[in-house]
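Novice: This one is target_3.cif, mmCIF, C-alpha atoms.
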data_work
#
loop_
_atom_site.label_atom_id
_atom_site.label_comp_id
_atom_site.auth_asym_id
_atom_site.auth_seq_id
_atom_site.Cartn_x
_atom_site.Cartn_y
_atom_site.Cartn_z
CA MET A 870 123.77 -85.87 48.81
CA SER A 871 125.29 -82.57 49.78
CA GLY A 872 124.19 -79.63 47.72
CA VAL A 873 120.79 -81.17 46.91
CA LYS A 874 117.78 -79.01 47.68
CA ILE A 875 115.17 -80.45 50.06
CA SER A 876 112.54 -79.96 47.37
CA ALA A 877 114.58 -82.28 45.12
CA LEU A 878 114.75 -85.13 47.64
CA PRO A 879 112.53 -88.20 47.13
CA PRO A 880 109.45 -88.43 49.39
CA ILE A 881 109.62 -90.82 52.33
CA ILE A 882 107.40 -93.89 52.02
CA THR A 883 106.81 -94.78 55.68
CA PRO A 884 107.59 -92.09 58.29
CA ALA A 885 109.12 -93.33 61.55
CA LEU A 886 109.71 -91.78 64.96
CA SER A 887 113.42 -92.47 64.48
CA ASP A 888 113.57 -90.27 61.37
CA VAL A 889 116.08 -87.44 61.70
CA PHE A 890 115.51 -83.80 60.83
CA ALA A 891 117.57 -80.67 61.30
CA VAL A 892 116.93 -78.08 64.01
CA VAL A 893 118.71 -74.87 64.95
CA GLN A 894 119.23 -74.13 68.63
CA GLY A 895 121.28 -71.19 69.84
CA GLY A 896 122.62 -70.60 66.35
CA VAL A 897 123.94 -74.17 66.08
CA THR A 898 122.47 -76.80 63.75
CA TYR A 899 121.63 -80.18 65.29
CA LYS A 900 119.81 -83.35 64.31
CA GLU A 901 116.63 -84.40 66.13
CA THR A 902 114.18 -87.31 65.95
CA PHE A 903 110.39 -87.27 66.18
CA THR A 904 110.67 -89.36 69.36
CA GLN A 905 112.62 -86.53 70.99
CA LEU A 906 110.07 -84.00 69.75
CA ALA A 907 107.16 -86.04 71.14
CA SER A 908 108.88 -86.22 74.54
CA LEU A 909 109.28 -82.45 74.45
CA PHE A 910 105.55 -81.93 73.83
CA VAL A 911 104.61 -84.18 76.76
CA SER A 912 106.97 -82.32 79.08
CA ILE A 913 105.48 -78.90 78.31
CA ALA A 914 102.90 -78.32 81.06
CA SER A 915 101.13 -75.56 79.17
CA LEU A 916 100.59 -77.57 75.99
CA PRO A 917 96.80 -77.65 75.44
CA LEU A 918 94.76 -80.61 74.31
CA SER A 919 91.39 -79.58 72.91
CA VAL A 920 88.38 -81.74 72.30
CA THR A 921 84.98 -80.81 70.95
CA LEU A 922 81.71 -81.58 72.66
CA GLY A 923 78.53 -80.59 70.87
CA GLY A 924 80.25 -77.68 69.22
CA THR A 925 81.62 -76.38 72.53
CA GLY A 926 85.40 -76.33 72.97
CA LEU A 927 86.61 -78.23 76.02
CA SER A 928 90.26 -77.57 76.83
CA SER A 929 92.48 -79.29 79.33
CA THR A 930 96.04 -78.19 79.82
CA THR A 931 98.04 -77.47 82.92
CA SER A 932 97.56 -78.69 86.42
CA GLY A 933 94.97 -76.41 87.94
CA GLU A 934 93.31 -75.22 84.74
CA LEU A 935 89.52 -74.99 84.83
CA LEU A 936 87.28 -76.73 82.30
CA TRP A 937 83.76 -75.91 81.07
CA SER A 938 80.49 -76.07 83.01
CA PRO A 939 77.08 -74.43 82.51
CA THR A 940 77.10 -72.32 85.67
CA ASN A 941 80.56 -70.78 85.77
CA ASN A 942 82.23 -72.11 82.61
CA THR A 943 84.21 -74.68 84.60
CA ILE A 944 83.80 -78.39 85.07
CA ALA A 945 86.58 -79.15 87.46
CA ASN A 946 89.95 -77.98 88.61
CA LEU A 947 92.34 -80.56 87.22
CA SER A 948 94.93 -80.34 89.95
CA THR A 949 94.81 -83.68 91.76
CA GLY A 950 93.00 -86.97 91.69
CA THR A 951 92.87 -90.27 89.86
CA GLY A 952 93.64 -89.91 86.18
CA VAL A 953 94.70 -86.27 86.37
CA THR A 954 98.44 -86.90 86.69
CA ASP A 955 98.22 -89.57 84.00
CA PHE A 956 96.42 -87.17 81.70
CA ILE A 957 98.98 -84.40 82.16
CA THR A 958 101.80 -86.87 81.49
CA THR A 959 100.04 -88.69 78.66
CA PRO A 960 97.18 -86.62 77.20
CA SER A 961 95.03 -89.43 75.86
CA SER A 962 91.23 -89.65 75.64
CA ALA A 963 91.21 -92.51 78.18
CA ASN A 964 93.18 -90.49 80.73
CA LEU A 965 91.03 -87.42 80.11
CA SER A 966 87.91 -89.50 80.81
CA ALA A 967 89.46 -90.83 84.03
CA ALA A 968 90.38 -87.32 85.15
CA LEU A 969 86.92 -85.94 84.46
CA THR A 970 85.24 -88.89 86.16
CA THR A 971 87.25 -88.21 89.30
CA LYS A 972 86.34 -84.56 89.31
CA ILE A 973 82.59 -84.79 88.58
CA THR A 974 81.65 -87.86 90.61
CA PRO A 975 80.65 -86.35 93.93
CA THR A 976 78.20 -83.99 95.41
CA SER A 977 77.70 -81.50 92.60
CA GLY A 978 76.06 -83.96 90.26
CA LEU A 979 77.60 -82.11 87.35
CA ALA A 980 78.27 -84.41 84.41
CA VAL A 981 79.52 -83.49 80.98
CA PHE A 982 79.02 -86.91 79.49
CA GLY A 983 76.19 -87.94 81.81
CA LEU A 984 78.64 -90.20 83.67
CA ASN A 985 77.52 -89.58 87.23
CA TRP A 986 74.43 -89.10 89.34
CA ALA A 987 74.52 -87.41 92.73
CA THR A 988 72.28 -88.67 95.54
CA THR A 989 71.00 -86.31 98.21
CA THR A 990 67.71 -85.41 99.94
CA THR A 991 65.06 -82.81 99.29
CA THR A 992 63.45 -80.47 101.78
CA VAL A 993 59.69 -81.01 102.02
CA SER A 994 57.66 -77.97 103.02
CA LEU A 995 54.17 -76.57 102.60
CA ASN A 996 53.28 -73.49 100.62
CA GLY A 997 50.57 -72.47 103.04
CA ALA A 998 49.23 -73.53 106.42
CA GLY A 999 49.73 -76.96 107.93
CA THR A 1000 52.37 -79.54 108.75
CA ALA A 1001 54.79 -80.91 106.15
CA PRO A 1002 54.96 -84.73 106.07
CA VAL A 1003 58.19 -86.48 107.05
CA TYR A 1004 59.29 -89.61 105.20
CA SER A 1005 61.41 -92.49 106.46
CA SER A 1006 63.12 -92.60 103.06
CA ASN A 1007 63.92 -89.32 101.30
CA THR A 1008 66.00 -89.70 98.13
CA LEU A 1009 66.78 -87.18 95.40
CA ARG A 1010 68.98 -88.43 92.54
CA TRP A 1011 70.08 -85.90 89.97
CA THR A 1012 72.58 -85.07 87.28
CA GLN A 1013 73.25 -82.09 85.03
CA ILE A 1014 74.18 -82.24 81.35
CA GLY A 1015 74.91 -78.84 79.90
CA LYS A 1016 72.08 -76.57 80.99
CA VAL A 1017 69.56 -79.36 81.67
CA VAL A 1018 69.02 -81.00 85.06
CA PHE A 1019 67.46 -84.44 85.42
CA ALA A 1020 66.04 -85.20 88.88
CA GLU A 1021 64.32 -88.22 90.43
CA TYR A 1022 62.46 -87.91 93.75
CA PHE A 1023 61.42 -90.90 95.83
CA LEU A 1024 59.82 -90.21 99.22
CA THR A 1025 58.17 -93.05 101.12
CA GLY A 1026 57.31 -94.32 104.58
CA ASP A 1027 56.34 -92.75 107.89
CA GLY A 1028 59.43 -90.95 109.15
CA GLY A 1029 57.74 -88.67 111.65
CA ALA A 1030 54.96 -86.12 111.35
CA GLU A 1031 52.04 -86.89 109.07
CA GLY A 1032 51.04 -84.17 106.67
CA SER A 1033 48.13 -81.92 107.56
CA GLY A 1034 46.48 -78.75 106.38
CA ALA A 1035 45.66 -77.12 103.06
CA GLY A 1036 49.21 -75.93 102.34
CA GLN A 1037 50.64 -77.24 99.06
CA ILE A 1038 53.53 -79.70 99.14
CA ARG A 1039 56.77 -78.16 97.86
CA LEU A 1040 60.09 -79.93 97.16
CA THR A 1041 63.43 -78.14 96.83
CA LEU A 1042 65.35 -78.48 93.56
CA PRO A 1043 69.02 -79.57 93.34
CA VAL A 1044 69.73 -76.53 91.11
CA SER A 1045 67.43 -73.55 90.65
CA VAL A 1046 65.31 -73.53 87.51
CA ALA A 1047 66.32 -70.92 84.93
CA ASN A 1048 63.11 -68.90 85.01
CA ASN A 1049 59.89 -69.77 86.75
CA SER A 1050 57.83 -66.88 85.31
CA GLY A 1051 55.19 -67.99 82.88
CA ILE A 1052 56.02 -71.70 83.27
CA THR A 1053 52.88 -73.81 83.14
CA TYR A 1054 52.15 -77.29 84.44
CA GLN A 1055 54.75 -79.82 83.31
CA GLY A 1056 52.36 -82.69 82.57
CA VAL A 1057 51.93 -85.93 84.48
CA LEU A 1058 55.45 -86.82 85.65
CA GLY A 1059 54.90 -88.95 88.72
CA GLN A 1060 52.59 -90.56 91.20
CA ALA A 1061 51.77 -90.16 94.88
CA ASN A 1062 49.71 -92.31 97.18
CA ASN A 1063 48.16 -91.77 100.56
CA GLY A 1064 46.94 -95.05 101.97
CA THR A 1065 44.70 -96.45 99.23
CA THR A 1066 44.34 -93.15 97.34
CA ASP A 1067 46.54 -92.51 94.31
CA TYR A 1068 47.39 -89.18 92.69
CA TYR A 1069 48.89 -88.52 89.23
CA LEU A 1070 51.38 -85.75 89.87
CA VAL A 1071 51.62 -82.60 87.77
CA PRO A 1072 54.57 -80.45 88.94
CA ARG A 1073 54.90 -76.73 88.41
CA PHE A 1074 57.72 -74.25 89.08
CA ASN A 1075 56.11 -71.39 90.96
CA ILE A 1076 59.46 -70.31 92.41
CA ASN A 1077 63.00 -70.83 91.11
CA SER A 1078 64.31 -72.96 93.97
CA ALA A 1079 61.53 -75.52 94.34
CA VAL A 1080 58.79 -77.46 92.58
CA ASP A 1081 55.17 -77.37 93.74
CA LEU A 1082 53.09 -80.53 93.42
CA TYR A 1083 49.65 -80.70 91.86
CA TYR A 1084 47.63 -83.69 90.75
CA GLN A 1085 45.33 -84.35 87.84
CA GLY A 1086 41.91 -85.42 89.09
CA ALA A 1087 40.50 -86.15 85.64
CA LEU A 1088 41.19 -85.37 82.01
CA ASN A 1089 40.45 -81.83 80.86
CA THR A 1090 40.38 -80.51 84.43
CA VAL A 1091 42.60 -77.94 86.10
CA PRO A 1092 45.29 -79.61 88.27
CA VAL A 1093 44.64 -79.46 92.00
CA ALA A 1094 47.27 -78.75 94.67
CA LEU A 1095 48.63 -81.78 96.52
CA THR A 1096 48.35 -80.71 100.17
CA GLY A 1097 49.49 -81.81 103.58
CA ASP A 1098 46.10 -83.48 104.05
CA ASP A 1099 46.87 -85.58 100.95
CA GLN A 1100 49.91 -87.07 102.71
CA ASN A 1101 48.46 -87.74 106.16
CA ASN A 1102 48.49 -91.55 106.09
CA VAL A 1103 51.29 -93.57 107.70
CA SER A 1104 51.52 -95.29 104.31
CA ARG A 1105 52.42 -92.46 101.94
CA GLU A 1106 54.68 -91.98 98.95
CA ILE A 1107 55.81 -89.47 96.31
CA ASN A 1108 57.56 -90.65 93.15
CA LEU A 1109 58.49 -87.92 90.67
CA LYS A 1110 60.83 -87.41 87.71
CA LEU A 1111 61.75 -84.00 86.30
CA CYS A 1112 63.95 -82.37 83.73
CA TYR A 1113 64.32 -78.62 83.45
CA GLU A 1114 66.61 -75.85 82.21
CA VAL A 1115 68.99 -74.02 84.51
CA ALA A 1116 70.56 -70.58 84.10
#
Spit out the file's structure as structure tokens when you get a sec.
Specialist:
Amino acid sequence: MSGVKISALPPIITPALSDVFAVVQGGVTYKETFTQLASLFVSIASLPLSVTLGGTGLSSTTSGELLWSPTNNTIANLSTGTGVTDFITTPSSANLSAALTTKITPTSGLAVFGLNWATTTTTVSLNGAGTAPVYSSNTLRWTQIGKVVFAEYFLTGDGGAEGSGAGQIRLTLPVSVANNSGITYQGVLGQANNGTTDYYLVPRFNINSAVDLYYQGALNTVPVALTGDDQNNVSREINLKLCYEVA
């Protein structure tokens, strides 16, 4: 069919990877298949694969490129780890998920898809005079999705000093809250007990790095500070769940 214009050729019914098309390389015309072209794309380390998450572009390309996170615009450095090599070789959604899971599993708690929770401890102190209680079990589970942190505190058992004094119980946050100024009480989000006495917890962010604990004595009353004296029994517990915005 020499001399026939491409525009005059009949359309192909079912495209195949073995189909041949013309390419020019170094001034010489060659034939090439789509299979060869696909292999070329995979071999190019800088070829980007973009996905969209909630309207935010998430790119993953070369070994060592940084992905998105809320604090520094990076999720993880995709340089090593399970799934990363597979993703660079074969950029599929399954391999991307495996790579991200490897990179966001650990201590940071950062999760783009809410895949992972980090487990750590919180520091218990008093905002004021007295002795901070020590618990035999001190667990803080948390994760971060975008600019929102979800945290679960569970403190129980006699692990040392009993609480004492009028100082207010304060728990450190896994990530600092975006802005504590003007933030009011967060509502009843947990429960504490001290022997046979129960308290319905109302947390408040008075500083950026920690949450202060109050309790609601009765409806339509101002929350009261939970103090060291309120955790002075050998049988004591704090159970609290929070979510808050970070910078």
Novice: Take the PyMOL selection byres ((chain A and resi 1045) around 6), run it mentally on this structure, and tell me the resulting residues as a PDB file with C-alpha atoms, in the frame of the given file.
Specialist:
ATOM      1  CA  VAL A1044      69.730 -76.530  91.110  1.00  0.00           C
ATOM      2  CA  VAL A1046      65.310 -73.530  87.510  1.00  0.00           C
ATOM      3  CA  ASN A1077      63.000 -70.830  91.110  1.00  0.00           C
ATOM      4  CA  SER A1078      64.310 -72.960  93.970  1.00  0.00           C
TER       5      SER A1078
END
Novice: Pick out the closest residue to Tyr1054 in chain A from this set: A:Asp1099, A:Ser1033, A:Ala998, A:Leu1111. Count only C-alpha atoms.
Specialist: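 Residue with the minimum atom-to-atom distance to Tyr1054 in chain A: A:Leu1111.
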Novice: Applying 7 Å and all atoms listed in the file, which residues near Ala891 in chain A remain after dropping the ones on its own chain fewer than 3 positions away? List them as a PDB file with C-alpha atoms, in the coordinates of the input.
Specialist:
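Result went into result.pdb, see below:
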ATOM      1  CA  THR A 898     122.470 -76.800  63.750  1.00  0.00           C
ATOM      2  CA  TYR A 899     121.630 -80.180  65.290  1.00  0.00           C
ATOM      3  CA  LYS A 900     119.810 -83.350  64.310  1.00  0.00           C
ATOM      4  CA  GLU A 901     116.630 -84.400  66.130  1.00  0.00           C
TER       5      GLU A 901
END
Novice: Could you tell me which of A:Gly999, A:Gly1064, A:Gly1059, A:Gly1015 comes closest to Gly1036 in chain A if we count all atoms listed in the file?
Specialist: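 Checking each of A:Gly999, A:Gly1064, A:Gly1059, A:Gly1015 against Gly1036 in chain A, counting all atoms listed in the file, the winner is A:Gly999.
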Novice: Up to 7 Å from (56.3, -91.5, 89.8) in the file's coordinates: name the residues, counting all atoms listed in the file, as a short mmCIF file (atom, residue, chain, number, x, y, z; two decimals) with C-alpha atoms, in the coordinates of the input.
Specialist:
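Result file selection.cif:
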data_model
loop_
_atom_site.label_atom_id
_atom_site.label_comp_id
_atom_site.auth_asym_id
_atom_site.auth_seq_id
_atom_site.Cartn_x
_atom_site.Cartn_y
_atom_site.Cartn_z
CA LEU A 1058 55.45 -86.82 85.65
CA GLY A 1059 54.90 -88.95 88.72
CA GLN A 1060 52.59 -90.56 91.20
CA ALA A 1061 51.77 -90.16 94.88
CA ILE A 1107 55.81 -89.47 96.31
CA ASN A 1108 57.56 -90.65 93.15
CA LEU A 1109 58.49 -87.92 90.67
CA LYS A 1110 60.83 -87.41 87.71
#
Novice: In file coordinates, which residues lie within 8 Å of (43.2, -85.1, 90.4) using all atoms listed in the file, given as a list in words?
Specialist: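 Within 8 Å of (43.2, -85.1, 90.4), the protein and nucleic acid residues are Tyr1068, Tyr1069, Tyr1083, Tyr1084, Gln1085, Gly1086, Ala1087, Pro1092 and Val1093 of chain A.
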Novice: With C-alpha atoms retained, could you export that selection as a PDB file, keeping the file's coordinate frame?
Specialist:
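Writing done, so here's out05.pdb:
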ATOM      1  CA  TYR A1068      47.390 -89.180  92.690  1.00  0.00           C
ATOM      2  CA  TYR A1069      48.890 -88.520  89.230  1.00  0.00           C
ATOM      3  CA  TYR A1083      49.650 -80.700  91.860  1.00  0.00           C
ATOM      4  CA  TYR A1084      47.630 -83.690  90.750  1.00  0.00           C
ATOM      5  CA  GLN A1085      45.330 -84.350  87.840  1.00  0.00           C
ATOM      6  CA  GLY A1086      41.910 -85.420  89.090  1.00  0.00           C
ATOM      7  CA  ALA A1087      40.500 -86.150  85.640  1.00  0.00           C
ATOM      8  CA  PRO A1092      45.290 -79.610  88.270  1.00  0.00           C
ATOM      9  CA  VAL A1093      44.640 -79.460  92.000  1.00  0.00           C
TER      10      VAL A1093
END
Novice: So, with only C-alpha atoms as the atoms that count, which of A:Gln1037, A:Thr1096, A:Asn1089, A:Asn1102 lies closest to Thr1065 in chain A?
Specialist: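 Distance minimum relative to Thr1065 in chain A lands on A:Asn1102.
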Novice: From the set A:Ala1116, A:Ala1079, A:Leu1024, A:Val892, which residue has the shortest atom-to-atom contact distance to Tyr1004 in chain A, counting all atoms listed in the file?
Specialist: A:Leu1024
Novice: Evaluate the PyMOL selection byres ((chain A and resi 986) around 7) and record the selected residues as a ChimeraX atom specification, following the chain and residue labels used in the document.
Specialist: /A:978,985,987-988,1010-1012
Novice: Using the chain letters and numbers from this file, what does the PyMOL selection byres ((chain A and resi 889) around 12) select? Give the answer as a PyMOL selection string.
Specialist: chain A and resi 881+884-888+890-892+899-906
Novice: Using only C-alpha atoms, which residue out of A:Val1103, A:Val1057, A:Val1071, A:Val1080 lies closest to Val1003 in chain A?
Specialist: A:Val1103
Novice: Separation of CA of Arg1073 in chain A and CA of Thr1053 in chain A, in Å?
Specialist: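 Answer for the CA of Arg1073 in chain A to CA of Thr1053 in chain A separation: 6.4 Å.
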